[in-house]
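Asks: This is the structure I have questions about; it appears just below.
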Amino acid sequence: MNFISIIIPFYKKKKYIEETINSVLSQSFKNYEIIIVYDEENKDNLGFIELLKEKSDKIKILTNQQNQGAGNSRNIAISESRGNYLAFIDADDMWHEDKLKLQLEFMDINQISASHTSYNIIDDEGKVLSIRIAKDMTYCNLLKSCDIGLSTVILKKNLIKSDILFPNIKTKEDYVLWLKISKNGTVFRGLDINLSSWRNSKNSLSSSTIRKLIDGFSVYHNFMKFGIIKSIYYLFRLSINFLKK
């Protein structure tokens with residue numbers, strides 16, 4: 001039977017984490033574990049996270065002694081995971097109660113190794129700002145536009161290798177991993193059912209335009225090993241497609 005390891009890095013999201021956990025615990029599919037990686041050097045919120053653990057024996061907490069960042073924290077959780085599938089959700093996002101059930105059925109029926117779904121973009125108060133529609137994403141598609149929401153992804157654990165992990169980068173660490181996986185020929189199949197809500201927080205690193213540009217260039221130049229001109233070209237394409245959304 002399929003078993004899913006659900007990975008949640010925690011960093012300064014105390015306001016939302018309980019709602020996130022509740023959306024996971026409410027899943028109609030029940031064969032899973034939840035791995036929360038506490039990534040704050042200050043341990044003031046650790047007691048609160050430990051209280052959340054009392055909600056279910058499915059929850060496991062890993063504690064970083066120093067801030068590792070979301071990418072490295074997810075890698076740590078992957079190394080400790082027991083599932084044959086991996087699912088990711090950020091500590092301020094939410095899932096529809098049938099998210100895991102419907103997405104796993106979609107993957108099993110179609111013999112899919114990696115998938116993502118459509119999702120809402122919400123503000124700090126939970127108001128829906130827009131909707132992103134999932135479609136099949138190949139390596140060539142992804143180079144031009146990152147149209148995969150991290151909190152919508154489920155993938156087979158065997159896609160993760162020693163050289164195919166989340167990189168240590170402030171933002172777009174998930175984009176690098178999707179590119180590396182898809183470069184090997186895996187297609188991220190899109191399930192066009194709205195099963196997640198992604199919070200566009202004003203204080204989020206991913207909301208910083210300058211940070212996005214710096215890390216976007218790094219994706220192509222440092223991680224995909226493109227030359228400077230080619231990296232600038234794809235960064236331009238990425239930015240244009242982002243503005244079109």
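In the structure tokens, each chain is lettered A, B, ... as it comes, each chain's residues begin at 1, and ligands are numbered from 1 in order of appearance.
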Got a sec: who's within 9 Å of Asp123 (chain A), counting only C-alpha atoms, leaving out chain neighbours fewer than 2 positions off, as number ranges by chain?
Replies: A: 121, 125-129, 198-202
Asks: Export C-alpha atoms of the chosen residues as an mmCIF file, in the first residue's frame?
Replies:
```cif
data_model
loop_
_atom_site.group_PDB
_atom_site.id
_atom_site.type_symbol
_atom_site.label_atom_id
_atom_site.label_comp_id
_atom_site.auth_asym_id
_atom_site.auth_seq_id
_atom_site.Cartn_x
_atom_site.Cartn_y
_atom_site.Cartn_z
ATOM 1 C CA ILE A 121 -3.455 31.939 -4.185
ATOM 2 C CA GLU A 125 -6.396 36.553 5.804
ATOM 3 C CA GLY A 126 -7.314 33.634 3.525
ATOM 4 C CA LYS A 127 -9.034 35.646 0.778
ATOM 5 C CA VAL A 128 -8.637 34.092 -2.679
ATOM 6 C CA LEU A 129 -6.614 36.392 -4.935
ATOM 7 C CA TRP A 198 -0.886 28.895 -1.329
ATOM 8 C CA ARG A 199 -0.529 31.917 0.938
ATOM 9 C CA ASN A 200 1.095 34.946 -0.679
ATOM 10 C CA SER A 201 2.348 36.483 2.554
ATOM 11 C CA LYS A 202 3.670 40.028 2.550
#
```
Asks: Excluding Ile112 (chain A) and any residue of its chain fewer than 5 positions from it, enumerate the residues within 10 Å of it, using only C-alpha atoms, and give them as a ChimeraX atom specification.
Replies: /A:104-107,154-156,186-189
Asks: Export, as a compact mmCIF listing (two decimals), in the first residue's frame, the selected residues with C-alpha atoms.
Replies:
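Output (again06.txt):
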```txt
# COMPACT_ATOMS: atom_id res chain seq x y z
CA LEU A 104 -2.66 9.41 -5.63
CA GLU A 105 -5.51 7.87 -7.63
CA PHE A 106 -4.53 10.08 -10.56
CA MET A 107 -0.90 8.94 -10.25
CA ILE A 154 3.53 14.57 -4.86
CA LEU A 155 6.41 12.54 -6.26
CA LYS A 156 7.85 9.08 -5.92
CA THR A 186 10.15 12.88 -15.89
CA VAL A 187 7.04 14.88 -16.76
CA PHE A 188 5.22 16.62 -13.92
CA ARG A 189 1.66 15.66 -14.81
```
Asks: Restricting the calculation to only C-alpha atoms: of A:Leu177, A:Met94, A:Met1, A:Ile35, which residue gets closest to Tyr16 (chain A)?
Replies: A:Met94
Asks: Residues at most 12 Å from Thr209 (chain A), counting only C-alpha atoms, excluding those fewer than 6 positions away in the same chain, as a list in words?
Replies: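 The residues that qualify are Thr171, Lys202, Asp215, Gly216, Ser239, Phe242 and Leu243 of chain A.
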Asks: Keeping C-alpha atoms for every residue in the selection just given, could you write it to a file as a short mmCIF file (atom, residue, chain, number, x, y, z; two decimals), in the first residue's frame?
Replies:
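again-v6.cif, written as the output of this step:
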```cif
data_model
loop_
_atom_site.label_atom_id
_atom_site.label_comp_id
_atom_site.auth_asym_id
_atom_site.auth_seq_id
_atom_site.Cartn_x
_atom_site.Cartn_y
_atom_site.Cartn_z
CA THR A 171 14.01 31.15 -2.83
CA LYS A 202 3.67 40.03 2.55
CA ASP A 215 17.80 33.56 -7.21
CA GLY A 216 16.28 33.19 -10.69
CA SER A 239 10.03 37.10 -15.58
CA PHE A 242 5.44 35.56 -14.31
CA LEU A 243 4.09 39.02 -15.20
#
```
Asks: So that I can see what lies close to Phe3 (chain A), please list as a PDB file with C-alpha atoms, in the first residue's frame the residues with an atom at most 12 Å from it, counting only C-alpha atoms and leaving out residues fewer than 6 positions away in the same chain.
Replies:
```
ATOM      1  CA  PHE A  29      -6.392   9.324   2.769  1.00  0.00           C
ATOM      2  CA  LYS A  30      -4.880   8.251   6.085  1.00  0.00           C
ATOM      3  CA  ASN A  31      -1.719   6.278   5.292  1.00  0.00           C
ATOM      4  CA  TYR A  32       0.905   8.945   5.888  1.00  0.00           C
ATOM      5  CA  GLU A  33       3.419  10.477   8.262  1.00  0.00           C
ATOM      6  CA  ILE A  34       4.010  14.184   8.883  1.00  0.00           C
ATOM      7  CA  LYS A  58       1.538  10.540  12.770  1.00  0.00           C
ATOM      8  CA  SER A  81      11.178   9.676   5.679  1.00  0.00           C
ATOM      9  CA  ARG A  82       9.589   6.233   5.415  1.00  0.00           C
ATOM     10  CA  GLY A  83       7.178   6.818   2.530  1.00  0.00           C
ATOM     11  CA  ASN A  84       7.414   5.588  -1.036  1.00  0.00           C
ATOM     12  CA  TYR A  85       5.830   8.930  -1.949  1.00  0.00           C
ATOM     13  CA  LEU A  86       6.810  12.434  -0.853  1.00  0.00           C
ATOM     14  CA  ALA A  87       4.418  15.359  -0.491  1.00  0.00           C
ATOM     15  CA  LEU A 100      -3.927  13.113  -1.213  1.00  0.00           C
ATOM     16  CA  LYS A 101      -6.676  10.669  -2.181  1.00  0.00           C
ATOM     17  CA  LEU A 104      -2.665   9.412  -5.626  1.00  0.00           C
ATOM     18  CA  ILE A 154       3.528  14.571  -4.864  1.00  0.00           C
ATOM     19  CA  LEU A 155       6.406  12.542  -6.258  1.00  0.00           C
ATOM     20  CA  LYS A 156       7.846   9.082  -5.924  1.00  0.00           C
ATOM     21  CA  LYS A 157      10.696   9.043  -3.452  1.00  0.00           C
TER      22      LYS A 157
END
```
Asks: Once you count only C-alpha atoms, what closest atom pair and distance in Å to one decimal does each residue of region 80-191 of chain A within 6 Å of region 59-75 of chain A have, with rows by chain and rising residue number, as JSON lines?
Replies:
```
{"residue": "A:Phe166", "atom": "CA", "partner": "A:Gly71", "partner_atom": "CA", "distance": 4.8}
{"residue": "A:Pro167", "atom": "CA", "partner": "A:Gly71", "partner_atom": "CA", "distance": 5.8}
{"residue": "A:Asn168", "atom": "CA", "partner": "A:Gly71", "partner_atom": "CA", "distance": 5.8}
{"residue": "A:Glu173", "atom": "CA", "partner": "A:Gly71", "partner_atom": "CA", "distance": 5.9}
```
Asks: Export C-alpha atoms of the chosen residues as a short mmCIF file (atom, residue, chain, number, x, y, z; two decimals), in the first residue's frame?
Replies:
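That gives us again_2.cif:
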```cif
data_model
loop_
_atom_site.label_atom_id
_atom_site.label_comp_id
_atom_site.auth_asym_id
_atom_site.auth_seq_id
_atom_site.Cartn_x
_atom_site.Cartn_y
_atom_site.Cartn_z
CA PHE A 166 16.70 20.79 -2.84
CA PRO A 167 19.62 23.25 -3.13
CA ASN A 168 20.71 25.71 -0.46
CA GLU A 173 14.86 25.96 -4.25
#
```
Asks: Select, from A:Phe226, A:Phe217, A:Tyr233, A:Phe48, the residue with the minimum atom-to-atom distance to Lys15 (chain A), counting only C-alpha atoms.
Replies: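 Closest to Lys15 (chain A), using only C-alpha atoms: A:Phe48.
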Asks: List every residue of region 41-175 of chain A that DSSP, applied to the backbone of this structure, places in strand (DSSP E), and write the result as a list in words.
Replies: Ile59, Lys60, Ile61, Leu62, Thr63, Tyr85, Leu86, Ala87, Phe88, Met94, Trp95, Ala114, Ser115, His116, Thr117, Ser118, Tyr119, Asn120, Ile121, Ile122, Val128, Leu129, Ser130, Ile131, Arg132, Ile154, Leu155 and Lys156 of chain A
Asks: Can you write just those residues out, N, CA and C atoms, as an mmCIF file, in the first residue's frame?
Replies:
```cif
data_model
loop_
_atom_site.group_PDB
_atom_site.id
_atom_site.type_symbol
_atom_site.label_atom_id
_atom_site.label_comp_id
_atom_site.auth_asym_id
_atom_site.auth_seq_id
_atom_site.Cartn_x
_atom_site.Cartn_y
_atom_site.Cartn_z
ATOM 1 N N ILE A 59 2.636 12.563 13.586
ATOM 2 C CA ILE A 59 3.531 13.721 13.499
ATOM 3 C C ILE A 59 4.880 13.425 14.145
ATOM 4 N N LYS A 60 5.940 13.759 13.419
ATOM 5 C CA LYS A 60 7.306 13.646 13.915
ATOM 6 C C LYS A 60 7.970 15.012 13.785
ATOM 7 N N ILE A 61 8.743 15.411 14.799
ATOM 8 C CA ILE A 61 9.427 16.712 14.761
ATOM 9 C C ILE A 61 10.929 16.497 14.691
ATOM 10 N N LEU A 62 11.568 17.154 13.735
ATOM 11 C CA LEU A 62 13.023 17.218 13.656
ATOM 12 C C LEU A 62 13.434 18.649 13.964
ATOM 13 N N THR A 63 14.490 18.827 14.734
ATOM 14 C CA THR A 63 14.897 20.164 15.158
ATOM 15 C C THR A 63 16.303 20.491 14.662
ATOM 16 N N TYR A 85 6.174 7.658 -1.315
ATOM 17 C CA TYR A 85 5.830 8.930 -1.949
ATOM 18 C C TYR A 85 6.197 10.072 -1.013
ATOM 19 N N LEU A 86 6.532 11.216 -1.602
ATOM 20 C CA LEU A 86 6.810 12.434 -0.853
ATOM 21 C C LEU A 86 5.802 13.505 -1.248
ATOM 22 N N ALA A 87 5.285 14.204 -0.248
ATOM 23 C CA ALA A 87 4.418 15.359 -0.491
ATOM 24 C C ALA A 87 4.961 16.522 0.323
ATOM 25 N N PHE A 88 4.822 17.723 -0.212
ATOM 26 C CA PHE A 88 5.375 18.912 0.437
ATOM 27 C C PHE A 88 4.263 19.933 0.675
ATOM 28 N N MET A 94 -2.512 25.350 2.802
ATOM 29 C CA MET A 94 -3.583 24.431 3.217
ATOM 30 C C MET A 94 -3.948 23.489 2.080
ATOM 31 N N TRP A 95 -4.482 22.338 2.461
ATOM 32 C CA TRP A 95 -4.935 21.333 1.503
ATOM 33 C C TRP A 95 -6.434 21.097 1.604
ATOM 34 N N ALA A 114 5.537 11.853 -10.884
ATOM 35 C CA ALA A 114 5.510 13.201 -10.304
ATOM 36 C C ALA A 114 4.271 13.931 -10.797
ATOM 37 N N SER A 115 3.584 14.599 -9.867
ATOM 38 C CA SER A 115 2.377 15.323 -10.253
ATOM 39 C C SER A 115 2.216 16.590 -9.432
ATOM 40 N N HIS A 116 1.385 17.484 -9.961
ATOM 41 C CA HIS A 116 1.009 18.696 -9.228
ATOM 42 C C HIS A 116 -0.432 19.016 -9.573
ATOM 43 N N THR A 117 -1.040 19.934 -8.808
ATOM 44 C CA THR A 117 -2.456 20.229 -9.011
ATOM 45 C C THR A 117 -2.683 21.731 -9.159
ATOM 46 N N SER A 118 -3.874 22.074 -9.566
ATOM 47 C CA SER A 118 -4.284 23.482 -9.546
ATOM 48 C C SER A 118 -4.422 23.933 -8.088
ATOM 49 N N TYR A 119 -4.345 25.266 -7.874
ATOM 50 C CA TYR A 119 -4.407 25.766 -6.500
ATOM 51 C C TYR A 119 -4.839 27.222 -6.453
ATOM 52 N N ASN A 120 -5.354 27.609 -5.277
ATOM 53 C CA ASN A 120 -5.691 29.008 -5.009
ATOM 54 C C ASN A 120 -4.459 29.756 -4.522
ATOM 55 N N ILE A 121 -4.388 31.022 -4.844
ATOM 56 C CA ILE A 121 -3.455 31.939 -4.185
ATOM 57 C C ILE A 121 -4.286 32.785 -3.236
ATOM 58 N N ILE A 122 -3.926 32.776 -1.956
ATOM 59 C CA ILE A 122 -4.694 33.506 -0.946
ATOM 60 C C ILE A 122 -3.809 34.536 -0.253
ATOM 61 N N VAL A 128 -9.167 34.589 -1.414
ATOM 62 C CA VAL A 128 -8.637 34.092 -2.679
ATOM 63 C C VAL A 128 -8.323 35.260 -3.606
ATOM 64 N N LEU A 129 -7.066 35.326 -4.042
ATOM 65 C CA LEU A 129 -6.614 36.392 -4.935
ATOM 66 C C LEU A 129 -6.662 35.959 -6.399
ATOM 67 N N SER A 130 -6.306 34.717 -6.660
ATOM 68 C CA SER A 130 -6.308 34.188 -8.025
ATOM 69 C C SER A 130 -6.181 32.676 -7.968
ATOM 70 N N ILE A 131 -6.240 32.052 -9.134
ATOM 71 C CA ILE A 131 -6.148 30.596 -9.238
ATOM 72 C C ILE A 131 -5.082 30.240 -10.261
ATOM 73 N N ARG A 132 -4.285 29.241 -9.956
ATOM 74 C CA ARG A 132 -3.297 28.713 -10.890
ATOM 75 C C ARG A 132 -3.780 27.352 -11.388
ATOM 76 N N ILE A 154 3.239 15.901 -5.392
ATOM 77 C CA ILE A 154 3.528 14.571 -4.864
ATOM 78 C C ILE A 154 4.453 13.888 -5.865
ATOM 79 N N LEU A 155 5.501 13.265 -5.366
ATOM 80 C CA LEU A 155 6.406 12.542 -6.258
ATOM 81 C C LEU A 155 6.883 11.261 -5.595
ATOM 82 N N LYS A 156 7.291 10.324 -6.438
ATOM 83 C CA LYS A 156 7.846 9.082 -5.924
ATOM 84 C C LYS A 156 9.213 9.362 -5.314
#
```
Asks: Find the residue from A:Ile133, A:Ile7, A:Ile89, A:Val24 that sits nearest to Ala77 (chain A); use only C-alpha atoms when measuring.
Replies: A:Ile7
Asks: Just list the residues in region 7-236 of chain A DSSP gives helix (DSSP H, G or I) on the backbone, as an MDAnalysis selection string.
Replies: chainID A and resid 14:25 46:53 69:80 99:110 139:144 150:152 157:159 173:183 205:207 209:223 228:236
Asks: So how many Å separate CA of Lys183 (chain A) and CA of Tyr139 (chain A), to one decimal?
Replies: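 Between CA of Lys183 (chain A) and CA of Tyr139 (chain A) the gap works out to 5.3 Å.
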Asks: Can you measure CA of Lys43 (chain A) to CA of Tyr11 (chain A) for me? One decimal in Å is fine.
Replies: 10.7 Å
Asks: In Å, with one decimal, what is the gap from CA of Ala134 (chain A) to CA of Ser208 (chain A)?
Replies: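 CA of Ser208 (chain A) lies at a distance of 23.8 Å from CA of Ala134 (chain A).
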Asks: For a quick check of understanding, using only C-alpha atoms, which of A:Ile6, A:Leu159, A:Leu25, A:Cys146 has the smallest distance to Glu97 (chain A)?
Replies: A:Leu25
